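> Below is input.txt; it holds compact mmCIF, C-alpha atoms.
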# COMPACT_ATOMS: atom_id res chain seq x y z
CA MET A 13 -18.34 -4.70 -2.33
CA GLY A 14 -20.51 -7.73 -2.66
CA GLN A 15 -21.13 -10.44 -0.14
CA ARG A 16 -19.89 -14.00 -0.12
CA GLY A 17 -23.25 -15.09 1.27
CA GLU A 18 -24.22 -16.25 4.72
CA GLY A 19 -24.01 -19.87 3.74
CA GLN A 20 -20.32 -19.59 2.96
CA ALA A 21 -19.22 -18.82 6.52
CA THR A 22 -18.10 -22.44 6.99
CA THR A 23 -14.95 -24.31 7.92
CA ASP A 24 -13.62 -23.84 4.35
CA GLY A 25 -11.82 -27.17 4.27
CA VAL A 26 -10.58 -27.21 7.86
CA ASP A 27 -10.52 -30.71 9.32
CA PRO A 28 -12.99 -30.70 12.22
CA SER A 29 -10.92 -33.39 13.91
CA GLY A 30 -7.70 -31.40 13.66
CA SER A 31 -5.86 -29.94 16.62
CA ALA A 32 -6.38 -26.37 17.80
CA THR A 33 -3.00 -25.44 16.30
CA GLU A 34 -3.75 -26.95 12.89
CA ILE A 35 -7.14 -25.26 12.71
CA PHE A 36 -5.75 -21.88 13.73
CA VAL A 37 -2.84 -22.06 11.28
CA ALA A 38 -5.22 -23.02 8.45
CA GLN A 39 -7.27 -19.87 9.11
CA ARG A 40 -4.44 -17.53 10.09
CA ASN A 41 -4.27 -15.52 6.86
CA LEU A 42 -8.02 -14.94 6.96
CA LEU A 43 -7.89 -13.90 10.62
CA PHE A 44 -5.01 -11.52 9.97
CA THR A 45 -6.95 -9.93 7.12
CA VAL A 46 -10.01 -9.42 9.32
CA ALA A 47 -7.94 -7.84 12.08
CA TYR A 48 -5.97 -5.67 9.65
CA GLU A 49 -9.10 -4.34 7.94
CA LEU A 50 -10.54 -3.43 11.32
CA LEU A 51 -7.35 -1.79 12.59
CA GLY A 52 -5.34 -0.54 9.60
CA SER A 53 -2.20 -1.72 11.38
CA ALA A 54 -0.34 -4.98 10.78
CA ALA A 55 1.46 -4.72 14.11
CA ASP A 56 -1.82 -4.38 16.00
CA ALA A 57 -3.38 -7.13 13.89
CA GLU A 58 -0.56 -9.49 14.92
CA ASP A 59 -1.14 -8.63 18.59
CA VAL A 60 -4.84 -9.40 18.14
CA LEU A 61 -4.00 -12.77 16.56
CA GLN A 62 -1.79 -13.61 19.54
CA GLU A 63 -4.58 -12.72 21.96
CA THR A 64 -7.05 -14.77 19.91
CA TRP A 65 -4.73 -17.76 19.86
CA LEU A 66 -4.38 -17.73 23.64
CA ARG A 67 -8.15 -17.85 23.96
CA TRP A 68 -8.60 -20.40 21.16
CA VAL A 69 -6.41 -23.05 22.80
CA GLY A 70 -8.78 -23.02 25.79
CA VAL A 71 -11.88 -23.67 23.67
CA ASP A 72 -13.59 -27.09 23.72
CA LEU A 73 -13.45 -27.87 20.00
CA ALA A 74 -16.09 -30.58 20.32
CA LYS A 75 -18.64 -27.84 20.99
CA VAL A 76 -17.62 -25.67 18.01
CA ARG A 77 -19.84 -26.32 14.98
CA ASP A 78 -18.23 -23.82 12.59
CA GLN A 79 -14.57 -23.27 13.37
CA ARG A 80 -14.01 -20.55 10.77
CA ALA A 81 -16.95 -18.44 11.92
CA TYR A 82 -16.04 -18.99 15.58
CA LEU A 83 -12.47 -17.80 15.02
CA VAL A 84 -13.60 -14.80 12.97
CA ARG A 85 -15.93 -13.79 15.81
CA MET A 86 -13.12 -14.21 18.34
CA VAL A 87 -10.64 -12.12 16.39
CA SER A 88 -13.30 -9.50 15.69
CA ARG A 89 -14.04 -9.06 19.39
CA GLN A 90 -10.36 -8.62 20.20
CA ALA A 91 -9.83 -6.22 17.28
CA LEU A 92 -12.88 -4.17 18.24
CA ASP A 93 -11.58 -3.77 21.80
CA ARG A 94 -8.20 -2.65 20.48
CA LEU A 95 -9.79 -0.35 17.89
CA ARG A 96 -11.55 1.59 20.63
CA VAL A 97 -8.22 2.12 22.40
CA LEU A 98 -6.42 3.04 19.18
CA GLY A 99 -9.05 5.64 18.34
CA ARG A 100 -8.09 7.56 21.45
CA ARG A 101 -4.38 7.22 20.68
CA ARG A 102 -4.79 8.48 17.11
CA GLU A 103 -6.31 11.69 18.41
CA SER A 104 -2.81 12.61 19.65
CA TYR A 105 -0.95 11.25 16.60
CA VAL A 106 1.56 13.72 15.14
CA GLY A 107 0.34 14.80 11.70
CA PRO A 108 -2.01 12.85 9.42
CA TRP A 109 -2.46 9.13 10.19
CA LEU A 110 -2.27 6.63 7.32
CA PRO A 111 -2.72 2.83 7.38
CA GLU A 112 0.33 0.60 7.58
CA PRO A 113 1.17 -0.46 3.98
CA LEU A 114 1.54 -4.14 3.08
CA LEU A 115 3.40 -5.64 0.14
CA THR A 116 0.85 -8.05 -1.33
CA ALA A 117 0.97 -10.78 -3.96
CA PRO A 118 -0.17 -9.86 -7.49
CA ASP A 119 -3.06 -12.34 -7.28
CA VAL A 120 -4.73 -10.25 -4.56
CA ALA A 121 -5.74 -7.79 -7.28
CA GLU A 122 -7.65 -10.60 -9.02
CA ASP A 123 -10.17 -10.57 -6.15
CA VAL A 124 -11.50 -7.09 -6.91
CA GLU A 125 -13.60 -6.83 -3.76
CA LEU A 126 -10.78 -7.94 -1.46
CA ALA A 127 -8.28 -5.63 -3.18
CA GLU A 128 -10.62 -2.66 -2.80
CA SER A 129 -11.34 -3.47 0.84
CA VAL A 130 -7.63 -3.39 1.81
CA SER A 131 -6.67 -0.44 -0.39
CA MET A 132 -5.26 2.63 1.32
CA ALA A 133 -8.18 4.67 0.04
CA MET A 134 -10.82 2.31 1.48
CA LEU A 135 -9.01 1.92 4.80
CA LEU A 136 -9.07 5.70 5.11
CA VAL A 137 -12.81 5.66 4.44
CA LEU A 138 -13.23 2.99 7.12
CA GLU A 139 -11.38 5.26 9.55
CA THR A 140 -14.33 7.66 9.34
CA LEU A 141 -16.66 5.01 10.81
CA GLY A 142 -17.09 4.39 14.51
CA PRO A 143 -15.54 1.15 15.82
CA THR A 144 -18.78 -0.84 15.87
CA GLU A 145 -19.89 0.45 12.46
CA ARG A 146 -16.50 -0.45 11.01
CA ALA A 147 -16.65 -3.97 12.42
CA VAL A 148 -20.18 -4.53 11.15
CA PHE A 149 -19.37 -3.20 7.68
CA VAL A 150 -16.19 -5.26 7.30
CA LEU A 151 -17.69 -8.50 8.63
CA ARG A 152 -20.84 -8.20 6.53
CA GLU A 153 -19.67 -6.60 3.28
CA VAL A 154 -16.19 -8.09 2.97
CA PHE A 155 -16.39 -11.43 4.77
CA GLY A 156 -20.07 -12.21 4.34
CA LEU A 157 -20.94 -13.10 7.93
CA ALA A 158 -24.61 -13.51 8.80
CA TYR A 159 -26.24 -10.83 10.93
CA ASP A 160 -26.59 -13.15 13.91
CA GLU A 161 -22.90 -14.06 13.73
CA ILE A 162 -21.93 -10.38 13.67
CA ALA A 163 -24.33 -9.73 16.55
CA ASP A 164 -22.47 -12.31 18.60
CA ALA A 165 -19.11 -10.77 17.70
CA VAL A 166 -20.02 -7.18 18.63
CA GLU A 167 -22.53 -8.03 21.37
CA LYS A 168 -25.61 -6.41 19.87
CA SER A 169 -28.94 -7.77 18.66
CA PRO A 170 -29.34 -8.92 15.03
CA ALA A 171 -31.94 -6.17 14.53
CA ALA A 172 -29.46 -3.54 15.71
CA ILE A 173 -26.79 -5.02 13.44
CA ARG A 174 -29.08 -4.64 10.41
CA GLN A 175 -29.58 -0.96 11.19
CA ILE A 176 -25.87 -0.38 11.80
CA ALA A 177 -25.00 -2.19 8.55
CA TYR A 178 -27.44 -0.01 6.62
CA ARG A 179 -25.94 3.21 8.05
CA ALA A 180 -22.38 2.02 7.49
CA ARG A 181 -23.06 1.07 3.85
CA ALA A 182 -24.56 4.50 3.18
CA HIS A 183 -21.63 6.22 4.89
CA VAL A 184 -19.04 4.27 2.89
CA ALA A 185 -20.95 4.63 -0.40
CA ALA A 186 -20.86 8.42 -0.03
CA ARG A 187 -17.08 8.42 0.41
CA ARG A 188 -15.68 5.55 -1.67
CA PRO A 189 -14.42 6.08 -5.23
CA ARG A 190 -17.16 6.20 -7.85
CA GLY A 191 -17.16 3.14 -10.07
CA VAL A 192 -14.62 0.33 -10.36
CA VAL A 193 -11.08 1.36 -11.27
CA SER A 194 -9.05 -1.39 -12.93
CA PRO A 195 -5.46 -2.10 -11.84
CA ALA A 196 -4.38 -1.13 -15.38
CA GLU A 197 -6.03 2.29 -15.06
CA THR A 198 -4.46 2.86 -11.65
CA ARG A 199 -1.07 1.72 -12.94
CA ALA A 200 -1.23 4.07 -15.93
CA ALA A 201 -2.07 7.05 -13.74
CA LEU A 202 0.60 6.07 -11.23
CA LEU A 203 3.28 5.75 -13.92
CA ALA A 204 2.45 9.24 -15.22
CA PHE A 205 2.55 10.51 -11.64
CA GLN A 206 5.89 8.76 -11.03
CA HIS A 207 7.48 10.22 -14.17
CA ALA A 208 6.34 13.73 -13.29
CA LEU A 209 7.65 13.35 -9.72
CA GLU A 210 11.05 12.08 -10.78
CA THR A 211 11.53 14.81 -13.40
CA GLY A 212 9.98 17.65 -11.43
CA ASP A 213 7.53 18.18 -14.30
CA LEU A 214 4.99 20.68 -12.97
CA GLN A 215 2.75 20.48 -16.02
CA GLY A 216 2.91 16.69 -16.00
CA LEU A 217 1.69 16.70 -12.41
CA LEU A 218 -1.08 19.15 -13.18
CA ASP A 219 -2.19 16.91 -16.06
CA ILE A 220 -2.52 13.79 -13.89
CA LEU A 221 -3.88 15.35 -10.67
CA ALA A 222 -7.62 15.86 -10.19
CA PRO A 223 -8.59 19.48 -9.37
CA ASP A 224 -9.61 18.49 -5.83
CA VAL A 225 -6.73 16.05 -5.17
CA VAL A 226 -5.76 15.54 -1.53
CA ALA A 227 -2.16 14.73 -0.53
CA LEU A 228 -1.53 13.13 2.87
CA SER A 229 1.87 12.38 4.37
CA ASP A 230 2.48 10.25 7.49
CA GLY A 231 5.80 10.63 9.26
CA GLY A 232 4.52 9.79 12.73
CA GLY A 233 6.51 12.66 14.20
CA VAL A 234 9.70 10.77 13.32
CA ALA A 235 10.27 11.29 9.59
CA ARG A 236 9.84 14.54 7.68
CA ALA A 237 6.27 14.76 6.37
CA LEU A 238 3.54 17.22 5.58
CA PRO A 239 2.02 18.40 8.87
CA ARG A 240 -1.48 18.57 7.42
CA PRO A 241 -3.37 17.57 4.26
CA VAL A 242 -2.67 19.60 1.11
CA VAL A 243 -5.70 20.09 -1.14
CA GLY A 244 -5.91 21.16 -4.78
CA ALA A 245 -3.95 20.26 -7.92
CA ASP A 246 -1.98 23.51 -8.06
CA LYS A 247 -0.79 23.31 -4.46
CA VAL A 248 0.03 19.60 -4.61
CA ALA A 249 1.81 19.88 -7.97
CA ARG A 250 3.95 22.84 -6.90
CA LEU A 251 4.83 21.13 -3.64
CA MET A 252 5.92 17.92 -5.34
CA ALA A 253 7.62 19.50 -8.33
CA GLY A 254 9.59 21.75 -5.98
CA GLY A 255 12.11 20.94 -3.34
CA TRP A 256 9.96 18.95 -0.92
CA TRP A 257 9.89 15.70 -2.91
CA ARG A 258 13.40 15.91 -4.35
CA ARG A 259 15.11 17.42 -1.32
CA GLU A 260 17.03 14.23 -0.47
CA GLY A 261 19.51 12.96 -3.04
CA GLY A 262 19.69 9.37 -4.18
CA ARG A 263 15.90 8.96 -4.24
CA THR A 264 14.51 6.18 -6.43
CA THR A 265 10.99 4.83 -6.92
CA GLU A 266 9.89 1.32 -7.83
CA LEU A 267 6.45 0.10 -8.89
CA VAL A 268 5.19 -2.56 -6.46
CA GLU A 269 1.89 -4.09 -5.29
CA ILE A 270 0.81 -2.47 -2.03
CA ASN A 271 -2.50 -3.34 -0.38
CA GLY A 272 -3.78 -5.05 -3.48
CA GLY A 273 -2.92 -2.33 -6.00
CA PRO A 274 -0.06 -0.52 -7.75
CA ALA A 275 2.03 1.82 -5.58
CA LEU A 276 5.54 3.24 -5.41
CA LEU A 277 8.21 1.96 -3.06
CA VAL A 278 10.58 4.86 -2.37
CA ARG A 279 14.22 4.38 -1.48
CA VAL A 280 16.89 6.93 -0.55
CA ASN A 281 20.44 5.71 -1.17
CA GLY A 282 19.10 2.16 -1.40
CA GLU A 283 17.25 2.21 1.94
CA VAL A 284 13.45 2.05 2.15
CA ASP A 285 12.20 5.55 2.84
CA GLY A 286 8.47 5.30 2.22
CA VAL A 287 5.52 4.20 0.13
CA VAL A 288 3.29 6.28 -2.12
CA ALA A 289 -0.18 4.93 -2.91
CA VAL A 290 -2.80 6.73 -4.97
CA ARG A 291 -6.55 6.84 -5.35
CA VAL A 292 -7.61 7.15 -8.99
CA GLU A 293 -10.95 8.22 -10.44
CA ASN A 294 -11.64 8.87 -14.13
CA GLY A 295 -7.95 8.45 -14.92
CA LEU A 296 -6.82 11.18 -12.51
CA VAL A 297 -5.16 10.97 -9.10
CA THR A 298 -7.66 12.14 -6.48
CA GLY A 299 -5.63 11.04 -3.46
CA ALA A 300 -1.88 10.69 -2.85
CA TYR A 301 -0.85 8.87 0.33
CA HIS A 302 2.80 9.00 1.37
CA VAL A 303 3.81 6.82 4.34
CA ARG A 304 7.24 7.62 5.81
CA ASN A 305 6.80 6.62 9.44
CA PRO A 306 9.57 3.99 9.80
CA GLU A 307 7.45 2.00 12.24
CA LYS A 308 4.98 1.37 9.41
CA LEU A 309 7.47 0.20 6.77
CA SER A 310 8.43 -3.26 8.02
CA ARG A 311 6.10 -5.09 5.61
CA VAL A 312 6.88 -3.40 2.30
CA GLU A 313 9.74 -5.66 1.20
CA ARG A 314 8.25 -9.06 2.04
CA GLU A 315 4.80 -10.20 0.99
CA THR A 316 1.99 -10.44 3.52
CA ALA A 317 -0.60 -13.10 2.72
CA ILE A 318 -4.17 -11.87 2.90
CA ARG A 319 -7.40 -13.71 2.05
CA ARG A 320 -11.09 -13.92 2.76
I need this file expressed as structure tokens, please.


Amino acid sequence: MGQRGEGQATTDGVDPSGSATEIFVAQRNLLFTVAYELLGSAADAEDVLQETWLRWVGVDLAKVRDQRAYLVRMVSRQALDRLRVLGRRRESYVGPWLPEPLLTAPDVAEDVELAESVSMAMLLVLETLGPTERAVFVLREVFGLAYDEIADAVEKSPAAIRQIAYRARAHVAARRPRGVVSPAETRAALLAFQHALETGDLQGLLDILAPDVVALSDGGGVARALPRPVVGADKVARLMAGGWWRREGGRTTELVEINGGPALLVRVNGEVDGVVAVRVENGLVTGAYHVRNPEKLSRVERETAIRR
């Protein structure tokens, strides 16, 4: 991911003379995106926005030079506090934890860096960072905040932020997909994956799955899901070509845009049952992420606006 540049952390067209409400509404999509990338949960991101709003209305706007940067710092502080709490909760989560999927507009994919940053695969990589490292990486690499602005948001010195940013970049670089994968390449692999799933074609699955593919399934202890990751093309293909995927009748899949990239919206007898997103490298599926937890499916039929 590249940087927008420190000089671009400005009001971005917000009227400095506007009311607190107008300013907040103008930046709301950006603030939601920041909170979501830090938390991986739309519900928690909305709570953070509410907390930020309550603090924002008490701010003396005459003393705020850069409203956008100020709001981003505010929302980052609130999200970081919540992230530390959520980390403890996720330790007791039933089965694998996956980010909450969002139905996004097709134009999100046009901003390659933004689309990658909100993808299921990248959000899972961000989960492997500590809370402060995650905040520093997201604010610097995705939203282009200056080191001193990030230092203010996470309450550390600019020198410490530079060191944390360096470690976080190295950590992410070692775990992110190699090279840029176009939406067309992802869509082609996903369509082959979809056809093999729907027909129970074992060989078709073996042809599209990478040898070291990892399948994760999140049911949150509520919906039926894999209790642990399944690794390896043979195991994943046999699992999906067998009864597990096609156990419930009336299952249909539809190609949609989830988190900035192609994914499958799964319905059973017309009702939303889950989302399947994939990570693709060299034309093969290296990660399959199946979200079935009903608490995470409220935003897969209506678009969520995200921006940076």

> Could you tell me which of A:Ala222, A:Val130, A:Val154, A:Val297 comes closest to Asp246 in chain A if we count only C-alpha atoms?

A:Ala222

> Excluding range 263-274 of chain A and its own-chain neighbours fewer than 5 positions away, which residues fall within 7 Å of it when counting only C-alpha atoms? Please give them as a ChimeraX atom specification.

/A:113-118,120-121,127,130-132,195,198-199,279-281

> Could you work out how far CA of Arg187 in chain A lies from CA of Gln215 in chain A, giving the answer in Å with one decimal?

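Separating CA of Gln215 in chain A from CA of Arg187 in chain A is a distance of 28.4 Å.
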
> Centre and edge lengths, as lines of an AutoDock Vina configuration file, for the axis-aligned box enclosing every listed atom of range 139-154 of chain A with 6 Å of padding on each of the six sides, in Å to one decimal?


center_x = -16.1
center_y = -0.4
center_z = 9.4
size_x = 21.5
size_y = 28.2
size_z = 24.9

> Please provide as a PyMOL selection string all residues within 10 Å of Gln206 in chain A, with the sequence filter that same-chain residues fewer than 2 positions apart are discarded (counting all atoms listed in the file).

chain A and resi 200-204+208-212+216-217+265-267+275-276+288

> Taking (4.6, 21.0, -5.2) in the file's coordinates, which residues come within 12 Å, counting all atoms listed in the file, written as an MDAnalysis selection string?

chainID A and resid 208:209 212:218 221 227 238 242:259

> For CA of Gly156 in chain A and CA of Tyr82 in chain A, determine how far apart the two atoms are, in Å to one decimal place.

13.7 Å

> Could you check which residues have any atom within 7 Å of (4.8, 15.8, 14.9), counting only C-alpha atoms with coordinates taken straight from the file, and then list them as an NGL selection string?

:A and (106-107 or 232-233)

> So which residues touch Glu293 in chain A within 7 Å, counting all atoms listed in the file, skipping near sequence neighbours fewer than 4 positions away, as a compact mmCIF listing (two decimals) with C-alpha atoms, in the coordinates of the input?


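Now in selection17.txt:
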# COMPACT_ATOMS: atom_id res chain seq x y z
CA PRO A 189 -14.42 6.08 -5.23
CA VAL A 193 -11.08 1.36 -11.27
CA VAL A 297 -5.16 10.97 -9.10
CA THR A 298 -7.66 12.14 -6.48
